[in-house]
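Trainee: Next up is a structure, given as structure tokens.
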Amino acid sequence: MSILTSLPVQTEAGEQAVGAVPSLGAFEVADTRSVVVVNRAINDDYCHLVLEADGPALSARAGQFFNLACPNTAADMPYLRRPMSVYRVSPAQRRVEFLYKVAGAGTRGLATLQPGDTLAILGPLGNGFTLDPRWKNIVVAGRGVGLATLAPLAEAAAEAGIGVTAILSARAKSLVMSAERFERIGARIAVVTDEDGTSDFANVERHLVTYVEAGQADAFFTCGSNRLMLLMKRLAARFNIAGQVALEQQMACGLGMCFCCVRNFETTGGPEQRRVCVEGPVFDLAEALTW
Ligand SMILES: Cc1cc2nc3c(=O)[nH]c(=O)nc-3n(C[C@H](O)[C@H](O)[C@H](O)COP(=O)(O)OP(=O)(O)OC[C@H]3O[C@@H](n4cnc5c(N)ncnc54)[C@H](O)[C@@H]3O)c2cc1C
Ligand code: FES
């Protein structure tokens, strides 16, 4: 089975790579010993981690992820690695960036990292988003840290000459992620929040229908909210629009071997179970199911 041939092996892949897996799909994967450049809280919920890296890590694409070896602390020993979507990659500056929410042992460990510390990051892993050159306009809608996953997709779309309309959803305006990145590419933006009630399902549906009717939605993209996913899936089916969703699932290996990240999908051939780490994390919206 091809997954087994993708077990990490020690090969040369740049001076900072500690293990390379050249056979995992069409892209190269490495366990890279990155160096922390910046690690700081950007609001009450989220932290921004900037790493210096080398080798295959710098080829990560929107929607792909890394499995991070989060450090031990006095209180926690996060044995398994934790998956994080790539937030930004700058090959020229040799930087890989993540936005993370401190949720438990692993991310508490990440929050302790200081500039100059090292962090092993295995990746890039999984299948990222794809853009069809026939699309003229896409709609991305995400919530919370899901917007960190969608920001590089929006930039890739803009680079490809595809117009972007973005719905940025959060509990409060102060927690809206990555708005400046969507602004920079000239995206049409709607901010919806729980605090002012605009994230209400019916309101978001009104936005989406307006975009479809205005010809701004050749495809839907979403991440970070089961409710948003269900809404976009329903509207995509109603208006016959393509769609992709980046799913999250607790993981262990991140390489397809342990099967702990399996989720259920509905396909034209019937129900299927797929591993989020290797068959995803980006999936056809029409086939995705909630947890
Ligand atoms: C492909 C992928 C990309 C991700 N990208 C990001 C990202 O860019 N930024 C970010 O902050 N988080 C992201 N996550 C979620 C992140 O992996 C988890 O928050 C993290 O593993 C939690 O680890 P922990 O040890 O801090 O918390 P734990 O103690 O392991 O868990 C704390 C709480 O979070 C829940 N949880 C743990 N892992 C996940 C998960 N994978 N998905 C959903 N809930 C989970 C647990 O059930 C528990 O309630 C991503 C997950 C996946 C699968
Ligand atoms: S995390 Fe091990 S198979 Fe997906």
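Each chain in the structure tokens gets a letter, A, B, ..., in the order shown, and its residues are numbered from 1; ligands are numbered from 1 in order too.
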Applying 8 Å and only C-alpha atoms, which residues near Tyr87 (chain A) remain after dropping the ones on its own chain fewer than 4 positions away? List them as an MDAnalysis selection string.
Mentor: chainID A and resid 62 96:99 148:149 151:152
Trainee: Could you take the residues named above and write them with all heavy atoms, as a JSON list (two decimals), in the first residue's frame?
Mentor:
[["chain", "number", "residue", "atom", "x", "y", "z"],
["A", 62, "ALA", "N", -2.11, 26.41, -0.14],
["A", 62, "ALA", "CA", -3.30, 26.73, 0.65],
["A", 62, "ALA", "C", -4.14, 25.48, 0.90],
["A", 62, "ALA", "O", -4.44, 24.73, -0.02],
["A", 62, "ALA", "CB", -4.14, 27.77, -0.09],
["A", 96, "VAL", "N", 7.49, 30.02, 7.27],
["A", 96, "VAL", "CA", 6.21, 29.32, 7.29],
["A", 96, "VAL", "C", 5.46, 29.84, 8.51],
["A", 96, "VAL", "O", 6.05, 29.93, 9.60],
["A", 96, "VAL", "CB", 6.40, 27.79, 7.41],
["A", 96, "VAL", "CG1", 5.05, 27.08, 7.45],
["A", 96, "VAL", "CG2", 7.23, 27.25, 6.25],
["A", 97, "GLU", "N", 4.18, 30.19, 8.33],
["A", 97, "GLU", "CA", 3.44, 30.82, 9.43],
["A", 97, "GLU", "C", 2.17, 30.04, 9.77],
["A", 97, "GLU", "O", 1.55, 29.43, 8.89],
["A", 97, "GLU", "CB", 3.07, 32.26, 9.05],
["A", 97, "GLU", "CG", 4.29, 33.10, 8.73],
["A", 97, "GLU", "CD", 3.94, 34.54, 8.37],
["A", 97, "GLU", "OE1", 2.91, 35.05, 8.86],
["A", 97, "GLU", "OE2", 4.69, 35.13, 7.58],
["A", 98, "PHE", "N", 1.80, 30.11, 11.03],
["A", 98, "PHE", "CA", 0.57, 29.47, 11.51],
["A", 98, "PHE", "C", -0.19, 30.45, 12.39],
["A", 98, "PHE", "O", 0.41, 31.31, 13.04],
["A", 98, "PHE", "CB", 0.89, 28.22, 12.35],
["A", 98, "PHE", "CG", 1.68, 27.18, 11.60],
["A", 98, "PHE", "CD1", 3.07, 27.14, 11.67],
["A", 98, "PHE", "CD2", 1.02, 26.25, 10.81],
["A", 98, "PHE", "CE1", 3.78, 26.18, 10.97],
["A", 98, "PHE", "CE2", 1.73, 25.28, 10.10],
["A", 98, "PHE", "CZ", 3.12, 25.25, 10.18],
["A", 99, "LEU", "N", -1.50, 30.30, 12.43],
["A", 99, "LEU", "CA", -2.35, 31.01, 13.41],
["A", 99, "LEU", "C", -2.99, 29.93, 14.24],
["A", 99, "LEU", "O", -3.62, 29.02, 13.68],
["A", 99, "LEU", "CB", -3.45, 31.78, 12.71],
["A", 99, "LEU", "CG", -3.26, 33.24, 12.37],
["A", 99, "LEU", "CD1", -4.60, 33.84, 11.98],
["A", 99, "LEU", "CD2", -2.66, 34.04, 13.51],
["A", 148, "ALA", "N", -7.99, 31.57, 8.85],
["A", 148, "ALA", "CA", -6.55, 31.47, 8.63],
["A", 148, "ALA", "C", -6.26, 30.48, 7.51],
["A", 148, "ALA", "O", -5.29, 30.63, 6.76],
["A", 148, "ALA", "CB", -5.85, 31.02, 9.91],
["A", 149, "THR", "N", -7.09, 29.47, 7.39],
["A", 149, "THR", "CA", -6.92, 28.47, 6.33],
["A", 149, "THR", "C", -7.36, 29.05, 4.98],
["A", 149, "THR", "O", -6.80, 28.71, 3.94],
["A", 149, "THR", "CB", -7.77, 27.22, 6.69],
["A", 149, "THR", "OG1", -7.41, 26.79, 8.00],
["A", 149, "THR", "CG2", -7.55, 26.09, 5.70],
["A", 151, "ALA", "N", -7.38, 32.34, 4.10],
["A", 151, "ALA", "CA", -6.66, 33.54, 3.63],
["A", 151, "ALA", "C", -5.67, 33.22, 2.50],
["A", 151, "ALA", "O", -5.66, 33.91, 1.47],
["A", 151, "ALA", "CB", -5.95, 34.22, 4.80],
["A", 152, "PRO", "N", -4.82, 32.18, 2.63],
["A", 152, "PRO", "CA", -3.91, 31.90, 1.52],
["A", 152, "PRO", "C", -4.64, 31.44, 0.25],
["A", 152, "PRO", "O", -4.17, 31.69, -0.86],
["A", 152, "PRO", "CB", -3.00, 30.78, 2.06],
["A", 152, "PRO", "CG", -3.62, 30.28, 3.30],
["A", 152, "PRO", "CD", -4.54, 31.34, 3.81]]
Trainee: Go through the chains and note each residue within 10 Å of ligand 2, using only C-alpha atoms and all ligand atoms, then give the set as a PyMOL selection string.
Mentor: chain A and resi 3+67+81-83+126+249-263+274-281
Trainee: Calculated over only C-alpha atoms and all ligand atoms, which of the candidates A:Gly104, A:Pro78, A:Pro56, A:Pro133 has the smallest distance to ligand 1?
Mentor: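 That would be A:Gly104, the residue with the smallest distance to ligand 1.
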Trainee: Go through A:Ile241, A:Leu51, A:Leu247, A:Ala157 and flag the residue nearest ligand 1, using only C-alpha atoms and all ligand atoms for the distances.
Mentor: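 Under the stated criterion, the closest residue is A:Leu247.
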Trainee: In terms of the shortest atom-to-atom distance over only C-alpha atoms and all ligand atoms, which of A:Ser85, A:Thr198, A:Asn226, A:Asn264 is closest to ligand 1?
Mentor: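 Smallest separation from ligand 1 among the options: A:Ser85.
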Trainee: Hey, what's within 12 Å of Arg61 (chain A) if we count only C-alpha atoms and toss same-chain stuff fewer than 2 positions away? As a PDB file with N, CA, C and O atoms, in the first residue's frame, please?
Mentor:
ATOM      1  N   PHE A  27       3.728  15.654  -3.973  1.00  0.00           N
ATOM      2  CA  PHE A  27       4.582  16.694  -3.402  1.00  0.00           C
ATOM      3  C   PHE A  27       5.523  16.095  -2.377  1.00  0.00           C
ATOM      4  O   PHE A  27       5.285  15.019  -1.832  1.00  0.00           O
ATOM      5  N   GLU A  28       6.577  16.828  -2.104  1.00  0.00           N
ATOM      6  CA  GLU A  28       7.587  16.332  -1.179  1.00  0.00           C
ATOM      7  C   GLU A  28       7.230  16.730   0.251  1.00  0.00           C
ATOM      8  O   GLU A  28       6.712  17.818   0.495  1.00  0.00           O
ATOM      9  N   PRO A  56      11.174  21.245   1.561  1.00  0.00           N
ATOM     10  CA  PRO A  56       9.799  21.073   1.093  1.00  0.00           C
ATOM     11  C   PRO A  56       8.770  21.895   1.871  1.00  0.00           C
ATOM     12  O   PRO A  56       7.709  22.213   1.343  1.00  0.00           O
ATOM     13  N   ALA A  57       9.056  22.243   3.129  1.00  0.00           N
ATOM     14  CA  ALA A  57       8.101  23.043   3.911  1.00  0.00           C
ATOM     15  C   ALA A  57       7.714  24.310   3.154  1.00  0.00           C
ATOM     16  O   ALA A  57       6.576  24.784   3.246  1.00  0.00           O
ATOM     17  N   LEU A  58       8.645  24.848   2.378  1.00  0.00           N
ATOM     18  CA  LEU A  58       8.405  26.126   1.701  1.00  0.00           C
ATOM     19  C   LEU A  58       7.542  25.977   0.452  1.00  0.00           C
ATOM     20  O   LEU A  58       7.244  26.966  -0.217  1.00  0.00           O
ATOM     21  N   SER A  59       7.166  24.726   0.144  1.00  0.00           N
ATOM     22  CA  SER A  59       6.306  24.534  -1.032  1.00  0.00           C
ATOM     23  C   SER A  59       4.851  24.295  -0.625  1.00  0.00           C
ATOM     24  O   SER A  59       4.020  23.931  -1.463  1.00  0.00           O
ATOM     25  N   GLY A  63      -4.492  25.269   2.167  1.00  0.00           N
ATOM     26  CA  GLY A  63      -5.318  24.132   2.550  1.00  0.00           C
ATOM     27  C   GLY A  63      -4.504  22.949   3.042  1.00  0.00           C
ATOM     28  O   GLY A  63      -5.057  22.036   3.659  1.00  0.00           O
ATOM     29  N   GLN A  64      -3.199  22.941   2.756  1.00  0.00           N
ATOM     30  CA  GLN A  64      -2.361  21.865   3.299  1.00  0.00           C
ATOM     31  C   GLN A  64      -2.040  22.166   4.771  1.00  0.00           C
ATOM     32  O   GLN A  64      -2.268  23.268   5.255  1.00  0.00           O
ATOM     33  N   PHE A  65      -1.477  21.167   5.454  1.00  0.00           N
ATOM     34  CA  PHE A  65      -1.182  21.366   6.869  1.00  0.00           C
ATOM     35  C   PHE A  65       0.146  20.725   7.237  1.00  0.00           C
ATOM     36  O   PHE A  65       0.737  19.982   6.450  1.00  0.00           O
ATOM     37  N   PHE A  66       0.604  21.047   8.440  1.00  0.00           N
ATOM     38  CA  PHE A  66       1.807  20.446   9.015  1.00  0.00           C
ATOM     39  C   PHE A  66       1.412  19.764  10.320  1.00  0.00           C
ATOM     40  O   PHE A  66       0.466  20.193  10.987  1.00  0.00           O
ATOM     41  N   SER A  85      -3.074  24.135   9.893  1.00  0.00           N
ATOM     42  CA  SER A  85      -3.082  24.598   8.499  1.00  0.00           C
ATOM     43  C   SER A  85      -2.014  25.639   8.290  1.00  0.00           C
ATOM     44  O   SER A  85      -1.743  26.439   9.181  1.00  0.00           O
ATOM     45  N   VAL A  86      -1.505  25.651   7.082  1.00  0.00           N
ATOM     46  CA  VAL A  86      -0.516  26.679   6.769  1.00  0.00           C
ATOM     47  C   VAL A  86      -1.242  28.022   6.578  1.00  0.00           C
ATOM     48  O   VAL A  86      -2.262  28.100   5.901  1.00  0.00           O
ATOM     49  N   TYR A  87      -0.730  29.031   7.255  1.00  0.00           N
ATOM     50  CA  TYR A  87      -1.351  30.367   7.209  1.00  0.00           C
ATOM     51  C   TYR A  87      -0.674  31.231   6.136  1.00  0.00           C
ATOM     52  O   TYR A  87      -1.320  31.982   5.432  1.00  0.00           O
ATOM     53  N   ARG A  88       0.618  31.087   6.043  1.00  0.00           N
ATOM     54  CA  ARG A  88       1.355  31.808   5.002  1.00  0.00           C
ATOM     55  C   ARG A  88       2.695  31.112   4.790  1.00  0.00           C
ATOM     56  O   ARG A  88       3.307  30.624   5.741  1.00  0.00           O
ATOM     57  N   VAL A  89       3.146  31.085   3.535  1.00  0.00           N
ATOM     58  CA  VAL A  89       4.481  30.573   3.224  1.00  0.00           C
ATOM     59  C   VAL A  89       5.183  31.614   2.376  1.00  0.00           C
ATOM     60  O   VAL A  89       4.613  32.115   1.406  1.00  0.00           O
ATOM     61  N   SER A  90       6.388  31.990   2.756  1.00  0.00           N
ATOM     62  CA  SER A  90       7.178  32.948   1.966  1.00  0.00           C
ATOM     63  C   SER A  90       8.510  32.295   1.623  1.00  0.00           C
ATOM     64  O   SER A  90       9.457  32.377   2.428  1.00  0.00           O
ATOM     65  N   PRO A  91       8.606  31.631   0.468  1.00  0.00           N
ATOM     66  CA  PRO A  91       9.860  30.957   0.109  1.00  0.00           C
ATOM     67  C   PRO A  91      11.047  31.919   0.093  1.00  0.00           C
ATOM     68  O   PRO A  91      12.141  31.562   0.538  1.00  0.00           O
ATOM     69  N   VAL A  96       7.493  30.023   7.269  1.00  0.00           N
ATOM     70  CA  VAL A  96       6.210  29.316   7.287  1.00  0.00           C
ATOM     71  C   VAL A  96       5.462  29.837   8.514  1.00  0.00           C
ATOM     72  O   VAL A  96       6.046  29.929   9.597  1.00  0.00           O
ATOM     73  N   GLY A 123       5.660  18.134   7.104  1.00  0.00           N
ATOM     74  CA  GLY A 123       4.747  18.576   6.057  1.00  0.00           C
ATOM     75  C   GLY A 123       5.488  19.060   4.829  1.00  0.00           C
ATOM     76  O   GLY A 123       6.704  18.926   4.762  1.00  0.00           O
ATOM     77  N   PRO A 124       4.789  19.664   3.891  1.00  0.00           N
ATOM     78  CA  PRO A 124       3.344  19.872   3.905  1.00  0.00           C
ATOM     79  C   PRO A 124       2.589  18.567   3.684  1.00  0.00           C
ATOM     80  O   PRO A 124       3.006  17.734   2.905  1.00  0.00           O
ATOM     81  N   LEU A 125       1.439  18.451   4.379  1.00  0.00           N
ATOM     82  CA  LEU A 125       0.648  17.229   4.337  1.00  0.00           C
ATOM     83  C   LEU A 125      -0.736  17.497   3.729  1.00  0.00           C
ATOM     84  O   LEU A 125      -1.264  18.612   3.805  1.00  0.00           O
ATOM     85  N   GLY A 126      -1.317  16.438   3.184  1.00  0.00           N
ATOM     86  CA  GLY A 126      -2.705  16.488   2.730  1.00  0.00           C
ATOM     87  C   GLY A 126      -2.888  17.178   1.391  1.00  0.00           C
ATOM     88  O   GLY A 126      -1.947  17.664   0.766  1.00  0.00           O
ATOM     89  N   ASN A 127      -4.149  17.186   0.968  1.00  0.00           N
ATOM     90  CA  ASN A 127      -4.528  17.823  -0.294  1.00  0.00           C
ATOM     91  C   ASN A 127      -5.137  19.184  -0.013  1.00  0.00           C
ATOM     92  O   ASN A 127      -6.094  19.287   0.758  1.00  0.00           O
ATOM     93  N   GLY A 128      -4.579  20.206  -0.630  1.00  0.00           N
ATOM     94  CA  GLY A 128      -5.068  21.562  -0.418  1.00  0.00           C
ATOM     95  C   GLY A 128      -6.222  21.901  -1.350  1.00  0.00           C
ATOM     96  O   GLY A 128      -6.808  21.031  -2.005  1.00  0.00           O
ATOM     97  N   PHE A 129      -6.548  23.187  -1.385  1.00  0.00           N
ATOM     98  CA  PHE A 129      -7.633  23.667  -2.248  1.00  0.00           C
ATOM     99  C   PHE A 129      -7.189  23.629  -3.709  1.00  0.00           C
ATOM    100  O   PHE A 129      -5.997  23.739  -4.014  1.00  0.00           O
ATOM    101  N   THR A 130      -8.158  23.509  -4.610  1.00  0.00           N
ATOM    102  CA  THR A 130      -7.849  23.624  -6.042  1.00  0.00           C
ATOM    103  C   THR A 130      -8.715  24.723  -6.651  1.00  0.00           C
ATOM    104  O   THR A 130      -9.857  24.936  -6.221  1.00  0.00           O
ATOM    105  N   LEU A 131      -8.140  25.401  -7.629  1.00  0.00           N
ATOM    106  CA  LEU A 131      -8.863  26.474  -8.322  1.00  0.00           C
ATOM    107  C   LEU A 131      -9.011  26.087  -9.791  1.00  0.00           C
ATOM    108  O   LEU A 131      -8.032  25.721 -10.430  1.00  0.00           O
ATOM    109  N   THR A 149      -7.090  29.471   7.393  1.00  0.00           N
ATOM    110  CA  THR A 149      -6.923  28.469   6.332  1.00  0.00           C
ATOM    111  C   THR A 149      -7.359  29.046   4.983  1.00  0.00           C
ATOM    112  O   THR A 149      -6.798  28.710   3.938  1.00  0.00           O
ATOM    113  N   LEU A 150      -8.376  29.925   5.023  1.00  0.00           N
ATOM    114  CA  LEU A 150      -8.924  30.461   3.774  1.00  0.00           C
ATOM    115  C   LEU A 150      -8.129  31.651   3.227  1.00  0.00           C
ATOM    116  O   LEU A 150      -8.181  31.929   2.027  1.00  0.00           O
ATOM    117  N   ALA A 151      -7.385  32.341   4.096  1.00  0.00           N
ATOM    118  CA  ALA A 151      -6.661  33.537   3.628  1.00  0.00           C
ATOM    119  C   ALA A 151      -5.669  33.222   2.503  1.00  0.00           C
ATOM    120  O   ALA A 151      -5.663  33.911   1.469  1.00  0.00           O
ATOM    121  N   PRO A 152      -4.824  32.180   2.634  1.00  0.00           N
ATOM    122  CA  PRO A 152      -3.915  31.897   1.518  1.00  0.00           C
ATOM    123  C   PRO A 152      -4.636  31.441   0.253  1.00  0.00           C
ATOM    124  O   PRO A 152      -4.168  31.693  -0.860  1.00  0.00           O
ATOM    125  N   LEU A 153      -5.797  30.803   0.409  1.00  0.00           N
ATOM    126  CA  LEU A 153      -6.591  30.423  -0.776  1.00  0.00           C
ATOM    127  C   LEU A 153      -7.058  31.687  -1.504  1.00  0.00           C
ATOM    128  O   LEU A 153      -6.968  31.791  -2.727  1.00  0.00           O
ATOM    129  N   ALA A 154      -7.565  32.661  -0.725  1.00  0.00           N
ATOM    130  CA  ALA A 154      -8.054  33.909  -1.332  1.00  0.00           C
ATOM    131  C   ALA A 154      -6.917  34.597  -2.088  1.00  0.00           C
ATOM    132  O   ALA A 154      -7.104  35.128  -3.187  1.00  0.00           O
ATOM    133  N   GLU A 155      -5.717  34.578  -1.510  1.00  0.00           N
ATOM    134  CA  GLU A 155      -4.573  35.209  -2.185  1.00  0.00           C
ATOM    135  C   GLU A 155      -4.200  34.460  -3.469  1.00  0.00           C
ATOM    136  O   GLU A 155      -3.886  35.073  -4.485  1.00  0.00           O
ATOM    137  N   ALA A 156      -4.267  33.131  -3.406  1.00  0.00           N
ATOM    138  CA  ALA A 156      -3.950  32.348  -4.611  1.00  0.00           C
ATOM    139  C   ALA A 156      -4.982  32.636  -5.701  1.00  0.00           C
ATOM    140  O   ALA A 156      -4.647  32.741  -6.886  1.00  0.00           O
ATOM    141  N   VAL A 282      -8.947  18.952   2.472  1.00  0.00           N
ATOM    142  CA  VAL A 282      -9.930  19.650   1.644  1.00  0.00           C
ATOM    143  C   VAL A 282     -10.729  18.607   0.868  1.00  0.00           C
ATOM    144  O   VAL A 282     -10.153  17.723   0.225  1.00  0.00           O
TER     145      VAL A 282
END
